[in-house]
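Undergrad: What follows is target_10.cif, made up of mmCIF, C-alpha atoms and all ligand atoms:
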data_structure
#
loop_
_atom_site.label_atom_id
_atom_site.label_comp_id
_atom_site.auth_asym_id
_atom_site.auth_seq_id
_atom_site.Cartn_x
_atom_site.Cartn_y
_atom_site.Cartn_z
CA MET A 1 -63.08 -1.10 30.76
CA THR A 2 -65.21 -2.60 33.42
CA ARG A 3 -64.28 -2.07 37.03
CA THR A 4 -61.98 0.46 38.70
CA TRP A 5 -60.88 0.69 42.30
CA ALA A 6 -60.11 3.94 44.09
CA ASP A 7 -56.90 2.62 45.63
CA MET A 8 -55.04 -0.53 46.63
CA ALA A 9 -57.00 -0.81 49.88
CA ALA A 10 -60.30 -0.87 47.98
CA PHE A 11 -58.90 -3.42 45.55
CA GLU A 12 -57.62 -5.64 48.35
CA SER A 13 -60.91 -5.57 50.19
CA PHE A 14 -62.60 -6.58 46.92
CA LEU A 15 -60.19 -9.54 46.72
CA ASP A 16 -60.68 -10.43 50.39
CA ASP A 17 -64.43 -10.60 49.77
CA GLY A 18 -63.79 -13.25 47.13
CA GLY A 19 -63.87 -10.85 44.18
CA ILE A 20 -62.69 -12.20 40.82
CA VAL A 21 -60.67 -9.90 38.57
CA GLU A 22 -61.32 -10.06 34.81
CA VAL A 23 -58.94 -9.16 32.03
CA ASP A 24 -60.66 -5.87 31.15
CA ASP A 25 -60.80 -4.56 34.73
CA HIS A 26 -58.57 -1.67 35.74
CA MET A 27 -56.50 -3.77 38.13
CA PRO A 28 -53.62 -2.13 40.01
CA ASP A 29 -50.36 -2.32 38.11
CA GLU A 30 -48.55 -4.25 40.86
CA TYR A 31 -51.25 -6.92 40.73
CA ARG A 32 -51.13 -7.13 36.95
CA GLN A 33 -47.33 -7.51 37.03
CA ALA A 34 -47.29 -10.11 39.80
CA VAL A 35 -50.05 -12.25 38.29
CA PHE A 36 -48.52 -12.00 34.84
CA ALA A 37 -45.06 -13.07 36.09
CA PHE A 38 -46.61 -16.05 37.86
CA ILE A 39 -48.58 -17.18 34.80
CA GLU A 40 -45.61 -16.60 32.50
CA MET A 41 -43.44 -18.86 34.67
CA HIS A 42 -46.17 -21.49 34.67
CA ALA A 43 -46.50 -21.28 30.87
CA ASN A 44 -42.72 -21.55 30.39
CA SER A 45 -42.64 -24.59 32.68
CA GLU A 46 -45.37 -26.37 30.73
CA LEU A 47 -43.51 -25.79 27.48
CA MET A 48 -40.15 -26.95 28.91
CA GLY A 49 -41.85 -29.95 30.52
CA GLY A 50 -43.55 -30.82 27.25
CA LEU A 51 -40.22 -30.78 25.45
CA THR A 52 -38.68 -33.21 27.97
CA GLU A 53 -41.66 -35.43 27.55
CA ARG A 54 -41.29 -35.30 23.77
CA ASP A 55 -37.64 -36.37 24.05
CA TRP A 56 -38.89 -39.63 25.51
CA ILE A 57 -41.41 -40.57 22.84
CA PRO A 58 -38.92 -42.61 20.76
CA ARG A 59 -37.24 -44.11 23.83
CA THR A 60 -40.36 -45.14 25.73
CA PRO A 61 -40.60 -48.93 26.20
CA GLY A 62 -43.69 -50.54 24.66
CA LEU A 63 -46.51 -49.19 22.54
CA ARG A 64 -48.87 -48.70 25.45
CA HIS A 65 -46.51 -46.44 27.37
CA LYS A 66 -45.44 -44.75 24.15
CA MET A 67 -49.01 -43.72 23.41
CA SER A 68 -49.47 -42.36 26.90
CA VAL A 69 -46.21 -40.37 26.60
CA LEU A 70 -47.49 -38.96 23.29
CA ALA A 71 -50.71 -37.92 25.00
CA LYS A 72 -48.86 -36.38 27.91
CA THR A 73 -46.58 -34.44 25.56
CA GLN A 74 -49.60 -33.03 23.80
CA ASP A 75 -51.16 -32.12 27.15
CA GLU A 76 -48.11 -30.23 28.37
CA ILE A 77 -47.64 -28.30 25.14
CA GLY A 78 -51.40 -27.65 25.20
CA HIS A 79 -51.12 -26.28 28.76
CA GLY A 80 -48.37 -23.97 27.57
CA HIS A 81 -50.61 -22.80 24.74
CA LEU A 82 -53.55 -22.00 27.01
CA LEU A 83 -51.36 -20.22 29.56
CA TYR A 84 -49.44 -18.11 27.05
CA MET A 85 -52.82 -16.97 25.73
CA VAL A 86 -54.02 -15.97 29.21
CA ALA A 87 -50.68 -14.26 29.92
CA ALA A 88 -50.58 -12.40 26.58
CA ASP A 89 -54.11 -11.09 27.19
CA MET A 90 -52.74 -9.22 30.22
CA GLN A 91 -50.94 -7.02 27.68
CA ILE A 92 -47.55 -6.88 29.31
CA LYS A 93 -45.70 -9.05 26.80
CA THR A 94 -46.86 -10.71 23.60
CA ARG A 95 -46.48 -14.46 23.20
CA GLU A 96 -43.46 -13.85 20.92
CA GLU A 97 -41.81 -11.66 23.55
CA MET A 98 -42.37 -14.29 26.22
CA LEU A 99 -40.81 -16.97 24.05
CA GLU A 100 -37.88 -14.74 23.12
CA ASP A 101 -37.22 -14.06 26.80
CA LEU A 102 -37.44 -17.76 27.60
CA PHE A 103 -34.96 -18.71 24.91
CA ALA A 104 -32.64 -15.86 25.91
CA GLY A 105 -32.60 -17.20 29.48
CA LYS A 106 -34.27 -14.01 30.72
CA SER A 107 -37.39 -15.53 32.23
CA ARG A 108 -37.91 -18.36 34.66
CA PHE A 109 -39.30 -21.84 34.55
CA HIS A 110 -39.61 -24.41 37.31
CA ASN A 111 -36.48 -25.94 38.85
CA VAL A 112 -37.39 -29.51 37.84
CA PHE A 113 -36.95 -28.68 34.16
CA HIS A 114 -33.32 -27.70 34.71
CA TYR A 115 -32.33 -31.34 35.15
CA GLN A 116 -31.85 -34.13 32.68
CA ALA A 117 -34.04 -37.23 32.57
CA VAL A 118 -31.42 -39.95 32.22
CA THR A 119 -33.38 -43.22 32.20
CA TRP A 120 -36.97 -44.40 31.74
CA GLY A 121 -36.96 -44.59 35.54
CA ASP A 122 -36.50 -40.82 35.61
CA GLN A 123 -39.57 -40.42 33.45
CA VAL A 124 -41.57 -42.54 35.88
CA ALA A 125 -40.23 -40.59 38.86
CA ILE A 126 -41.06 -37.31 37.10
CA ALA A 127 -44.62 -38.35 36.26
CA PHE A 128 -45.20 -39.61 39.78
CA LEU A 129 -43.36 -37.11 42.00
CA VAL A 130 -43.06 -33.97 39.90
CA ASP A 131 -46.50 -34.03 38.31
CA ALA A 132 -47.92 -34.65 41.80
CA ALA A 133 -46.03 -31.67 43.21
CA ALA A 134 -47.09 -29.48 40.29
CA LEU A 135 -50.67 -30.68 40.67
CA ALA A 136 -50.70 -29.89 44.40
CA SER A 137 -49.43 -26.33 43.81
CA GLN A 138 -51.86 -25.77 40.96
CA GLN A 139 -54.78 -27.04 43.03
CA ALA A 140 -53.84 -24.62 45.79
CA VAL A 141 -53.88 -21.78 43.26
CA PHE A 142 -57.13 -22.91 41.65
CA LYS A 143 -58.87 -23.12 45.02
CA ASN A 144 -59.11 -19.41 45.57
CA CYS A 145 -57.51 -17.74 42.57
CA SER A 146 -58.60 -14.10 42.23
CA TYR A 147 -57.68 -13.82 38.55
CA GLY A 148 -60.64 -15.25 36.62
CA PRO A 149 -59.04 -16.20 33.28
CA TYR A 150 -56.21 -18.07 35.03
CA ARG A 151 -58.57 -19.85 37.40
CA ARG A 152 -60.77 -21.10 34.57
CA ILE A 153 -57.85 -22.40 32.52
CA LEU A 154 -56.34 -24.06 35.63
CA LYS A 155 -59.44 -26.18 35.98
CA ARG A 156 -58.70 -27.83 32.65
CA ILE A 157 -54.98 -28.16 33.34
CA ILE A 158 -55.53 -29.72 36.75
CA SER A 159 -57.79 -32.43 35.42
CA GLU A 160 -55.08 -33.41 32.93
CA GLU A 161 -52.26 -33.32 35.49
CA GLY A 162 -54.32 -35.86 37.40
CA PHE A 163 -54.00 -38.25 34.43
CA HIS A 164 -50.22 -37.75 34.43
CA MET A 165 -49.86 -38.48 38.11
CA ARG A 166 -51.96 -41.63 37.84
CA LEU A 167 -49.97 -42.77 34.81
CA GLY A 168 -46.82 -42.22 36.88
CA GLU A 169 -48.14 -44.28 39.75
CA ASP A 170 -49.26 -47.03 37.36
CA ARG A 171 -45.76 -47.17 35.88
CA MET A 172 -44.13 -47.09 39.29
CA MET A 173 -46.24 -49.99 40.52
CA ARG A 174 -45.17 -52.06 37.53
CA ILE A 175 -41.54 -51.29 38.29
CA ALA A 176 -42.03 -52.11 41.96
CA GLN A 177 -43.22 -55.57 40.88
CA GLY A 178 -40.50 -55.87 38.23
CA THR A 179 -36.98 -57.28 38.11
CA ASP A 180 -34.14 -56.23 40.42
CA THR A 181 -32.61 -54.23 37.57
CA GLN A 182 -35.86 -52.33 37.08
CA LYS A 183 -36.04 -51.60 40.79
CA GLU A 184 -32.43 -50.40 40.77
CA ILE A 185 -33.14 -48.10 37.83
CA PHE A 186 -36.11 -46.58 39.62
CA GLN A 187 -34.19 -46.19 42.88
CA GLY A 188 -31.49 -44.32 40.93
CA ALA A 189 -34.16 -42.05 39.45
CA LEU A 190 -35.67 -41.50 42.87
CA ASP A 191 -32.25 -40.48 44.22
CA ARG A 192 -32.04 -37.88 41.46
CA TRP A 193 -35.62 -36.57 41.55
CA PHE A 194 -36.82 -36.67 45.14
CA TRP A 195 -35.18 -33.41 46.20
CA PRO A 196 -35.86 -31.39 43.05
CA ALA A 197 -39.52 -32.45 43.25
CA LEU A 198 -39.71 -31.40 46.89
CA GLN A 199 -37.98 -28.10 46.10
CA LEU A 200 -40.58 -27.35 43.42
CA PHE A 201 -42.76 -26.00 46.25
CA GLY A 202 -40.11 -23.39 47.03
CA PRO A 203 -38.70 -22.20 50.37
CA ASP A 204 -41.06 -21.17 53.18
CA SER A 205 -43.43 -18.40 52.06
CA LYS A 206 -42.44 -14.93 53.20
CA PRO A 207 -44.92 -13.21 55.53
CA ASP A 208 -45.45 -10.41 52.99
CA ASP A 209 -45.90 -12.66 49.93
CA VAL A 210 -48.19 -10.64 47.65
CA LEU A 211 -49.37 -13.77 45.87
CA LEU A 212 -50.92 -14.94 49.14
CA ARG A 213 -52.25 -11.48 50.00
CA TRP A 214 -53.88 -11.10 46.57
CA HIS A 215 -55.39 -14.59 46.63
CA ILE A 216 -53.38 -16.14 43.84
CA LYS A 217 -51.86 -18.73 46.15
CA SER A 218 -54.23 -20.06 48.77
CA GLU A 219 -51.63 -21.95 50.80
CA ARG A 220 -48.13 -21.35 52.06
CA ASN A 221 -45.27 -23.16 50.30
CA GLU A 222 -44.16 -25.01 53.43
CA VAL A 223 -47.66 -26.35 54.08
CA LEU A 224 -47.99 -27.77 50.56
CA ARG A 225 -44.47 -29.18 50.73
CA ASP A 226 -45.18 -30.89 54.03
CA LYS A 227 -48.39 -32.45 52.68
CA TRP A 228 -46.43 -33.85 49.75
CA VAL A 229 -43.79 -35.30 52.13
CA GLN A 230 -46.44 -36.92 54.34
CA LYS A 231 -48.01 -38.54 51.29
CA PHE A 232 -45.00 -39.62 49.26
CA VAL A 233 -42.49 -40.75 51.88
CA PRO A 234 -44.65 -43.61 53.20
CA MET A 235 -45.91 -44.40 49.69
CA LEU A 236 -42.42 -44.83 48.25
CA GLN A 237 -41.41 -46.92 51.24
CA SER A 238 -44.47 -49.14 50.92
CA TYR A 239 -43.43 -49.93 47.35
CA GLY A 240 -40.03 -51.00 48.67
CA PHE A 241 -37.96 -47.96 47.72
CA THR A 242 -35.59 -45.89 49.86
CA VAL A 243 -36.26 -42.18 50.31
CA PRO A 244 -32.91 -40.47 49.67
CA ALA A 245 -32.98 -38.31 52.81
CA PRO A 246 -30.17 -39.23 55.25
CA ASP A 247 -31.83 -37.36 58.12
CA LEU A 248 -35.30 -38.79 57.51
CA SER A 249 -37.15 -39.33 60.77
CA TYR A 250 -40.64 -40.17 61.94
CA ASP A 251 -42.24 -38.44 64.88
CA GLU A 252 -44.44 -41.14 66.48
CA GLU A 253 -46.37 -38.68 68.57
CA ALA A 254 -47.22 -36.27 65.77
CA GLY A 255 -47.47 -39.14 63.26
CA LYS A 256 -45.36 -37.11 60.85
CA TRP A 257 -42.34 -37.59 58.63
CA ASP A 258 -39.49 -35.10 58.68
CA VAL A 259 -37.02 -35.08 55.79
CA GLY A 260 -34.48 -33.01 57.74
CA PRO A 261 -32.85 -29.75 56.64
CA ILE A 262 -33.41 -28.76 53.01
CA ASP A 263 -30.52 -27.42 50.95
CA TRP A 264 -31.96 -24.59 48.83
CA GLU A 265 -28.80 -23.92 46.85
CA PRO A 266 -29.75 -26.23 43.95
CA LEU A 267 -33.08 -24.38 43.62
CA LYS A 268 -31.36 -21.00 43.60
CA ARG A 269 -28.97 -22.18 40.92
CA THR A 270 -31.85 -23.28 38.68
CA LEU A 271 -33.60 -19.93 39.14
CA ALA A 272 -30.43 -18.26 37.84
CA GLN A 273 -30.43 -20.64 34.84
CA GLY A 274 -27.41 -22.41 36.35
CA GLY A 275 -28.92 -25.84 36.93
CA PRO A 276 -27.18 -29.03 35.77
CA ASP A 277 -29.01 -29.09 32.44
CA SER A 278 -30.25 -25.47 32.10
CA ALA A 279 -28.06 -24.38 29.21
CA ARG A 280 -28.72 -27.47 27.08
CA ARG A 281 -32.45 -27.30 27.79
CA ILE A 282 -32.79 -23.65 26.87
CA ASN A 283 -30.74 -24.07 23.70
CA GLU A 284 -32.70 -27.13 22.73
CA ALA A 285 -35.99 -25.28 23.20
CA LYS A 286 -34.68 -22.42 21.10
CA ASP A 287 -33.45 -24.73 18.33
CA ASN A 288 -36.77 -26.49 18.37
CA TRP A 289 -38.55 -23.17 17.94
CA GLU A 290 -36.34 -22.35 14.96
CA ARG A 291 -36.70 -25.82 13.41
CA THR A 292 -40.49 -25.56 13.51
CA ARG A 293 -40.62 -22.03 12.14
CA TRP A 294 -41.60 -23.31 8.68
CA VAL A 295 -44.84 -24.72 10.13
CA ARG A 296 -45.81 -21.37 11.59
CA ASP A 297 -44.80 -19.60 8.40
CA ALA A 298 -46.90 -21.99 6.34
CA MET A 299 -49.88 -21.30 8.57
CA ASP A 300 -49.43 -17.57 8.22
CA ARG A 301 -49.20 -17.95 4.45
CA ALA A 302 -52.41 -19.95 4.47
CA ALA A 303 -54.08 -16.87 5.88
CA THR A 304 -53.13 -14.78 2.86
CA VAL A 305 -54.34 -17.30 0.26
CA PRO A 306 -57.87 -16.44 -0.84
CA ALA A 307 -60.29 -19.27 -0.08
CA MET B 1 -53.38 -13.97 12.87
CA HIS B 2 -56.74 -13.68 14.63
CA THR B 3 -57.78 -14.39 18.18
CA TYR B 4 -60.73 -16.74 18.51
CA GLU B 5 -62.93 -17.28 21.55
CA ILE B 6 -63.86 -20.93 22.12
CA PHE B 7 -67.29 -22.10 23.24
CA LEU B 8 -68.06 -25.73 24.10
CA LYS B 9 -71.28 -27.57 24.75
CA LYS B 10 -71.64 -31.06 26.11
CA ASP B 11 -74.37 -33.69 26.11
CA GLY B 12 -77.33 -31.45 25.35
CA ARG B 13 -77.64 -30.65 29.03
CA ASP B 14 -75.74 -27.48 29.63
CA GLU B 15 -75.50 -24.31 27.59
CA TYR B 16 -72.53 -23.35 25.44
CA ARG B 17 -69.74 -22.25 27.73
CA HIS B 18 -66.74 -20.08 27.17
CA ALA B 19 -63.65 -22.29 27.41
CA GLY B 20 -60.83 -19.92 26.48
CA ALA B 21 -59.16 -18.43 23.45
CA LEU B 22 -56.50 -19.15 20.86
CA ASP B 23 -54.64 -17.46 18.03
CA ALA B 24 -54.81 -18.85 14.50
CA ALA B 25 -54.24 -17.68 10.97
CA THR B 26 -57.51 -18.92 9.47
CA ASP B 27 -60.90 -20.21 10.57
CA ASP B 28 -60.00 -23.74 9.48
CA LEU B 29 -56.72 -23.76 11.37
CA ALA B 30 -58.47 -22.29 14.39
CA MET B 31 -60.93 -25.21 14.27
CA VAL B 32 -58.12 -27.78 14.25
CA MET B 33 -56.27 -25.97 17.05
CA ALA B 34 -59.45 -25.75 19.10
CA ARG B 35 -60.01 -29.48 18.71
CA GLU B 36 -56.44 -30.24 19.77
CA SER B 37 -56.27 -27.68 22.58
CA TYR B 38 -59.71 -27.79 24.17
CA ILE B 39 -61.46 -31.09 23.45
CA ARG B 40 -58.69 -33.70 23.40
CA ARG B 41 -60.77 -35.83 25.75
CA ALA B 42 -64.17 -34.98 24.29
CA GLU B 43 -64.86 -32.21 26.82
CA GLY B 44 -67.51 -31.02 24.39
CA ASP B 45 -69.46 -32.48 21.49
CA ARG B 46 -70.23 -29.11 19.96
CA LEU B 47 -67.78 -26.35 19.32
CA TRP B 48 -68.24 -22.70 18.42
CA LEU B 49 -65.48 -20.32 17.47
CA VAL B 50 -66.07 -16.59 17.49
CA ARG B 51 -63.47 -14.16 16.31
CA ARG B 52 -62.64 -11.86 19.18
CA ASP B 53 -62.90 -8.77 16.99
CA HIS B 54 -66.48 -9.82 16.14
CA VAL B 55 -67.60 -9.92 19.75
CA ILE B 56 -69.78 -6.96 20.63
CA VAL B 57 -69.10 -6.01 24.21
CA ALA B 58 -71.69 -4.19 26.28
CA ASP B 59 -70.88 -0.94 27.98
CA PRO B 60 -71.17 -1.55 31.74
CA ASP B 61 -73.35 1.56 32.04
CA LEU B 62 -75.88 -0.03 29.73
CA ILE B 63 -76.18 -3.10 31.96
CA ALA B 64 -75.85 -1.49 35.38
CA PRO B 65 -79.46 -0.23 35.81
CA ASN B 66 -80.84 -3.77 35.80
CA ALA B 67 -78.90 -4.65 38.93
CA ASP B 68 -81.34 -2.41 40.79
CA LYS B 69 -84.83 -3.62 39.83
CA PRO B 70 -86.19 -5.34 42.94
CA HIS B 71 -89.74 -5.22 41.56
CA ARG B 72 -88.67 -7.79 38.96
CA HIS B 73 -87.87 -10.35 41.66
CA HIS B 74 -89.89 -12.23 44.20
CA ASP B 75 -88.13 -14.44 46.69
CA GLY B 76 -91.40 -15.84 48.10
CA SER B 77 -90.71 -14.85 51.70
CA ALA B 78 -93.55 -12.32 51.87
CA VAL B 79 -95.98 -14.91 50.50
CA ALA B 80 -94.74 -17.53 52.94
CA ALA B 81 -95.17 -15.13 55.85
CA ARG B 82 -98.68 -14.23 54.77
CA ARG B 83 -99.60 -17.87 54.22
CA LYS B 84 -98.35 -18.70 57.69
CA ALA B 85 -100.25 -15.81 59.21
CA MET B 86 -103.48 -16.90 57.47
CA ARG B 87 -102.99 -20.48 58.63
CA ASN B 88 -102.52 -19.32 62.21
CA GLU B 89 -105.65 -17.19 62.00
CA GLY B 90 -107.61 -20.15 60.66
CA ALA B 91 -106.35 -22.39 63.47
CA SER B 92 -107.22 -19.92 66.22
CA SER B 93 -110.79 -19.20 65.05
FE FE C 401 -48.98 -29.63 32.51
FE FE C 402 -48.16 -32.86 33.62
#
Could you render the structure from this file as structure tokens?
Ligand SMILES: [Fe+2]
Ligand SMILES: [Fe+2]
TA:
Amino acid sequence: MTRTWADMAAFESFLDDGGIVEVDDHMPDEYRQAVFAFIEMHANSELMGGLTERDWIPRTPGLRHKMSVLAKTQDEIGHGHLLYMVAADMQIKTREEMLEDLFAGKSRFHNVFHYQAVTWGDQVAIAFLVDAAALASQQAVFKNCSYGPYRRILKRIISEEGFHMRLGEDRMMRIAQGTDTQKEIFQGALDRWFWPALQLFGPDSKPDDVLLRWHIKSERNEVLRDKWVQKFVPMLQSYGFTVPAPDLSYDEEAGKWDVGPIDWEPLKRTLAQGGPDSARRINEAKDNWERTRWVRDAMDRAATVPA
Amino acid sequence: MHTYEIFLKKDGRDEYRHAGALDAATDDLAMVMARESYIRRAEGDRLWLVRRDHVIVADPDLIAPNADKPHRHHDGSAVAARRKAMRNEGASS
């Protein structure tokens, strides 16, 4: 309804000048599709992440941690809510269609949610490493995001991811000062989660990545990944843990850590819904959706009852 | 199901700001959802919900003319220049 652009070149120069696209603008179809797919994947990931988090509410040790896991669960489901709303407003798929596609294994969610969290140590590793990786990618999107509704919602999400990361670090520090068994449990979790967390950033960005060109992403995948490595490798070591990278090396001159070659096969498998826990996760999410149908139905019925 | 636009205000300082939207079956449910989705950490102490189909949206053509009314602005530079010129005149005489 609002703005139109003569052609893609005009639209791109608008974006290059820092222009912000709003939902009622006549944006080019390719842009609408690409931004929608990106937000849909983000929304799916928040929902799948929230469900993992929820699984841990009864198993979390101690009331204090339990309450923080409850809060984090609510945050992640809340993020999903906000993002599905922003995505649905782009009028490509309704929220129901997005959920149907997710449960049918037709749409994507982040690699890290295709694995199982085995111990409480895994939960700590996830909060610390995965939330940090997710936060870093989201910050890089927020920084210069050309799609207004997404950018504004990201601001809220980012501030809450910060809580999750700090909770993760808090828990990790306790474990680092804990018993040998606790340290072993966390090391086991680290061995399972280090690589998936690193792979969350994805392989090196392609030169023609439209998300970079259209100012959705502000930074290349490999740059964000490297920043994460430089921060977390020394941090994990300083807490007394071993980074599970056999070819890990430190370049004295550059002052930089190198984790060695990255095997992208596990990431590819997760993107094809063939990760170690993909099938169970998707089915569980679907069952959950069915089990909670009565709540949604009751809400809809409330709407038809005269006040 | 209706779509509601959410507006939050904090601390008496700033104005109500648009925070996002949500779908809900009734006004009451929308209020609860807004509390749980948008102000879990007291991001606002006042909350407005407006049904999206009640929002009256301006036609861009109605608004556009006011982007071109320079006579309604004054950035002060002309006054500053004149003031400076007058001061210089005063100093030289
Ligand atoms: Fe989240
Ligand atoms: Fe999170």
Undergrad: Residues near His2 in chain B, anyone? I mean within 7 Å using all atoms listed in the file, not counting same-chain ones fewer than 4 positions away, as a count of residues only.
TA: 4
Undergrad: Measure the distance from CA of Gly260 in chain A to CA of Gly49 in chain A in Å and round it to one decimal.
TA: 28.4 Å
Undergrad: Given the choices A:Phe142, A:Phe113, A:Phe186, A:Tyr150, which gets closest to Asp89 in chain A if the distance is worked out from all atoms listed in the file?
TA: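 For Asp89 in chain A, the nearest of the given residues is A:Tyr150.
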Undergrad: Box for range 164-179 of chain A: with edges along x, y and z, all listed atoms inside and 6 Å added on each side, what are the centre and edge lengths in Å to one decimal, as JSON?
TA:
{"center_x": -44.5, "center_y": -47.5, "center_z": 38.2, "size_x": 27.0, "size_y": 31.5, "size_z": 19.5}
Undergrad: When you count all atoms listed in the file, which of these residues is closest to Gly20 in chain B: A:Arg166, A:Lys286, A:Arg301, A:Arg151?
TA: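 With all atoms listed in the file as the atom set, the closest residue is A:Arg151.
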